[in-house]
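Structure file run_12.pdb (PDB, C-alpha atoms) follows.
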ATOM      1  CA  ASN V 175      46.177 -68.762 113.979
ATOM      2  CA  GLY V 176      42.511 -67.899 113.320
ATOM      3  CA  LEU V 177      42.054 -70.576 110.647
ATOM      4  CA  ILE V 178      39.666 -73.525 110.501
ATOM      5  CA  TYR V 179      40.793 -76.692 108.746
ATOM      6  CA  VAL V 180      37.960 -78.855 107.396
ATOM      7  CA  LEU V 181      38.498 -82.360 106.102
ATOM      8  CA  GLY V 182      35.656 -83.936 104.124
ATOM      9  CA  GLY V 183      33.280 -80.996 104.469
ATOM     10  CA  GLY V 184      30.362 -79.985 102.328
ATOM     11  CA  TRP V 185      27.796 -82.770 102.707
ATOM     12  CA  ASP V 186      24.086 -82.412 102.020
ATOM     13  CA  THR V 187      22.933 -86.037 101.906
ATOM     14  CA  VAL V 188      22.836 -88.810 104.484
ATOM     15  CA  ASN V 189      22.856 -92.244 102.831
ATOM     16  CA  VAL V 190      21.106 -94.901 104.889
ATOM     17  CA  ALA V 191      21.562 -98.576 104.085
ATOM     18  CA  PRO V 192      18.249-100.442 103.702
ATOM     19  CA  GLY V 193      17.019-101.755 107.046
ATOM     20  CA  ASN V 194      19.358 -99.578 109.128
ATOM     21  CA  PRO V 195      18.207 -96.929 111.618
ATOM     22  CA  ILE V 196      18.009 -93.428 110.178
ATOM     23  CA  SER V 197      20.347 -91.026 111.973
ATOM     24  CA  PHE V 198      22.806 -88.204 111.475
ATOM     25  CA  ASN V 199      26.103 -87.500 113.233
ATOM     26  CA  GLY V 200      28.433 -84.734 112.180
ATOM     27  CA  ALA V 201      29.624 -81.225 112.895
ATOM     28  CA  ILE V 202      28.642 -77.762 111.753
ATOM     29  CA  THR V 203      31.413 -75.184 111.358
ATOM     30  CA  VAL V 204      30.204 -71.617 111.813
ATOM     31  CA  ARG V 205      32.140 -68.385 111.335
ATOM     32  CA  LEU V 206      30.340 -65.293 112.593
ATOM     33  CA  LEU V 207      31.183 -61.603 112.729
ATOM     34  CA  ALA V 208      30.361 -59.541 115.800
ATOM     35  CA  ASP V 209      30.182 -55.815 116.161
ATOM     36  CA  ARG V 210      32.603 -54.497 118.786
ATOM     37  CA  ALA V 211      29.590 -53.531 120.947
ATOM     38  CA  GLU V 212      28.529 -57.220 121.028
ATOM     39  CA  CYS V 213      31.902 -58.398 122.372
ATOM     40  CA  GLY V 214      32.391 -59.098 126.051
ATOM     41  CA  HIS V 215      28.714 -60.040 126.467
ATOM     42  CA  PRO V 216      27.185 -63.534 126.453
ATOM     43  CA  HIS V 217      25.203 -64.615 123.388
ATOM     44  CA  GLY V 218      23.368 -67.815 122.562
ATOM     45  CA  VAL V 219      24.125 -69.819 119.419
ATOM     46  CA  GLU V 220      21.688 -72.550 118.430
ATOM     47  CA  VAL V 221      21.949 -75.091 115.630
ATOM     48  CA  ARG V 222      18.665 -76.822 114.917
ATOM     49  CA  LEU V 223      17.474 -79.430 112.456
ATOM     50  CA  ASP V 224      13.875 -79.246 111.262
ATOM     51  CA  GLY V 225      11.964 -81.765 109.150
ATOM     52  CA  GLU V 226      10.195 -80.902 105.918
ATOM     53  CA  ASP V 227       6.957 -80.384 107.854
ATOM     54  CA  GLY V 228       8.688 -77.864 110.155
ATOM     55  CA  GLU V 229       8.940 -80.185 113.164
ATOM     56  CA  LEU V 230      12.024 -79.787 115.364
ATOM     57  CA  VAL V 231      14.162 -82.929 115.089
ATOM     58  CA  PHE V 232      17.001 -81.810 117.381
ATOM     59  CA  ARG V 233      18.878 -78.736 118.502
ATOM     60  CA  VAL V 234      22.221 -77.909 120.078
ATOM     61  CA  GLN V 235      22.642 -74.739 122.104
ATOM     62  CA  ASN V 236      26.069 -73.210 122.666
ATOM     63  CA  PRO V 237      26.766 -70.032 124.677
ATOM     64  CA  ILE V 238      29.506 -67.734 123.363
ATOM     65  CA  GLN V 239      31.164 -64.511 124.438
ATOM     66  CA  PRO V 240      33.202 -62.919 121.638
ATOM     67  CA  VAL V 241      36.466 -61.248 122.665
ATOM     68  CA  ILE V 242      38.266 -58.499 120.770
ATOM     69  CA  PRO V 243      41.828 -59.661 120.006
ATOM     70  CA  GLU V 244      44.586 -57.327 121.128
ATOM     71  CA  GLY V 245      45.518 -54.830 118.434
ATOM     72  CA  PHE V 246      42.432 -55.649 116.331
ATOM     73  CA  PRO V 247      41.464 -52.753 113.984
ATOM     74  CA  VAL V 248      38.664 -50.640 115.443
ATOM     75  CA  ALA V 249      36.664 -50.403 112.198
ATOM     76  CA  TRP V 250      36.519 -54.184 111.664
ATOM     77  CA  GLU V 251      33.899 -56.618 112.823
ATOM     78  CA  VAL V 252      35.306 -59.253 115.141
ATOM     79  CA  PRO V 253      35.283 -62.780 113.670
ATOM     80  CA  PHE V 254      34.792 -65.873 115.803
ATOM     81  CA  SER V 255      34.428 -69.497 114.834
ATOM     82  CA  LEU V 256      32.598 -72.445 116.340
ATOM     83  CA  VAL V 257      32.643 -76.130 115.544
ATOM     84  CA  ILE V 258      29.469 -77.668 116.955
ATOM     85  CA  GLY V 259      28.834 -81.409 117.079
ATOM     86  CA  VAL V 260      25.283 -82.262 116.020
ATOM     87  CA  GLY V 261      23.461 -85.529 115.671
ATOM     88  CA  GLY V 262      20.654 -87.805 116.583
ATOM     89  CA  PRO V 263      18.010 -90.076 115.161
ATOM     90  CA  LEU V 264      15.964 -88.879 112.199
ATOM     91  CA  PRO V 265      12.238 -89.696 112.185
ATOM     92  CA  ARG V 266      12.150 -90.695 108.501
ATOM     93  CA  LEU V 267      13.826 -90.482 105.126
ATOM     94  CA  GLY V 268      13.230 -87.149 103.423
ATOM     95  CA  LEU V 269      14.155 -83.478 103.445
ATOM     96  CA  TYR V 270      15.532 -81.511 106.390
ATOM     97  CA  ARG V 271      16.936 -78.043 107.075
ATOM     98  CA  PHE V 272      19.716 -76.944 109.411
ATOM     99  CA  SER V 273      19.375 -73.426 110.843
ATOM    100  CA  VAL V 274      21.965 -71.421 112.758
ATOM    101  CA  LEU V 275      20.538 -68.832 115.145
ATOM    102  CA  VAL V 276      22.324 -66.231 117.253
ATOM    103  CA  ASP V 277      20.282 -64.667 120.031
ATOM    104  CA  ASN V 278      17.161 -66.239 118.459
ATOM    105  CA  GLN V 279      17.748 -64.672 115.022
ATOM    106  CA  ILE V 280      18.442 -66.857 111.995
ATOM    107  CA  MET V 281      21.922 -66.260 110.576
ATOM    108  CA  GLY V 282      21.740 -68.936 107.866
ATOM    109  CA  THR V 283      20.235 -72.233 106.748
ATOM    110  CA  ALA V 284      21.418 -75.295 104.844
ATOM    111  CA  PRO V 285      19.325 -78.096 103.309
ATOM    112  CA  MET V 286      19.951 -81.771 104.023
ATOM    113  CA  ARG V 287      18.246 -84.963 102.932
ATOM    114  CA  ALA V 288      18.217 -88.562 104.120
ATOM    115  CA  VAL V 289      17.896 -91.177 101.374
ATOM    116  CA  GLU V 290      17.944 -94.950 101.357
ATOM    117  CA  GLN V 291      20.899 -96.223  99.371
ATOM    118  CA  ALA V 292      23.076 -99.295  99.523
ATOM    119  CA  LEU V 293      26.447 -98.267 100.939
ATOM    120  CA  PRO V 294      29.706 -99.275  99.216
ATOM    121  CA  GLY V 295      30.689-102.801 100.170
ATOM    122  CA  ALA V 296      27.150-103.685 101.248
ATOM    123  CA  PRO V 297      25.530-106.638  99.525
ATOM    124  CA  VAL V 298      23.041-105.764  96.823
ATOM    125  CA  ILE V 299      19.962-107.956  96.680
ATOM    126  CA  LEU V 300      18.096-108.080  93.399
ATOM    127  CA  GLU V 301      14.591-109.464  93.262
ATOM    128  CA  ILE V 302      13.880-110.853  89.828
ATOM    129  CA  GLU V 303      10.381-111.921  88.931
ATOM    130  CA  ARG V 304      10.165-114.828  86.477
ATOM    131  CA  PRO V 305       7.789-114.468  83.583
ATOM    132  CA  PRO V 306       4.884-116.959  83.552
ATOM    133  CA  GLN V 307       5.719-120.310  81.919
ATOM    134  CA  GLY V 308       3.776-121.404  78.977
TER     135      GLY V 308
END

Step by step, read the file and then write its structure as structure tokens.
Amino acid sequence: NGLIYVLGGGWDTVNVAPGNPISFNGAITVRLLADRAECGHPHGVEVRLDGEDGELVFRVQNPIQPVIPEGFPVAWEVPFSLVIGVGGPLPRLGLYRFSVLVDNQIMGTAPMRAVEQALPGAPVILEIERPPQG
């Protein structure tokens, strides 16, 4: 029906429990518009995650070939949607940036961060220092 249903979308922060490995697993939903001249030809879509120093953390490449639906208006751009699973270990806590590229051109970016935070239900350990006696 041409619709995408997203449940629990719109994150920008990965919470990592103290002492746990730092990683990300999720999905990026992308809706792109193609000119009719771009349809019927292969194109490369890449989703990449870069660290705050610009280093590549991971990337997922996905070939696409947009198709013009039957009866689609000639003057309209042709929409197509992708849901791309992304994930992997993160080198450290901090700031990151997702980028979506089509044919090696950036179509959009989204910030993300990884922070250390006790997760709900996890035990909280408080270290209390006693004042000197006397």

### Task
Take CA of Gly214 in chain V and CA of Glu251 in chain V and report the distance between them in Å, one decimal.
13.5 Å

#### Entry: Selection result for the PyMOL selection byres ((chain V and resi 199) around 7) on this file, as a list in words
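This file, filtered by the PyMOL selection byres ((chain V and resi 199) around 7), leaves Ser197, Phe198, Gly200, Val260, Gly261 and Gly262 of chain V.
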
### Chain and number of each residue from the PyMOL selection byres ((chain V and resi 269) around 10), as a VMD selection string
chain V and resid 187 224 to 227 266 to 268 270 to 271 285 to 289

### Task
I need the residue set behind the PyMOL selection byres ((chain V and resi 232-234) around 7) for this file; please write it as a list of chain:residue names.
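Expected selection for the PyMOL selection byres ((chain V and resi 232-234) around 7) here is V:Glu220, V:Val221, V:Arg222, V:Leu223, V:Leu230, V:Val231, V:Gln235, V:Asn236, V:Val260.
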
### Message
Could you check the closest approach to Ile258 in chain V for each of V:Asn278, V:Trp185, V:Pro195, V:Val204 and tell me which residue wins, using all atoms listed in the file?
### Response
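The answer is V:Val204, which sits nearest to Ile258 in chain V.
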
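Put simply, CA of Ala201 in chain V is 14.2 Å away from CA of Val219 in chain V.
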
### Task
Figure out the distance between CA of Asp209 in chain V and CA of Asp277 in chain V, please, to one decimal in Å.
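It comes out at 13.8 Å.
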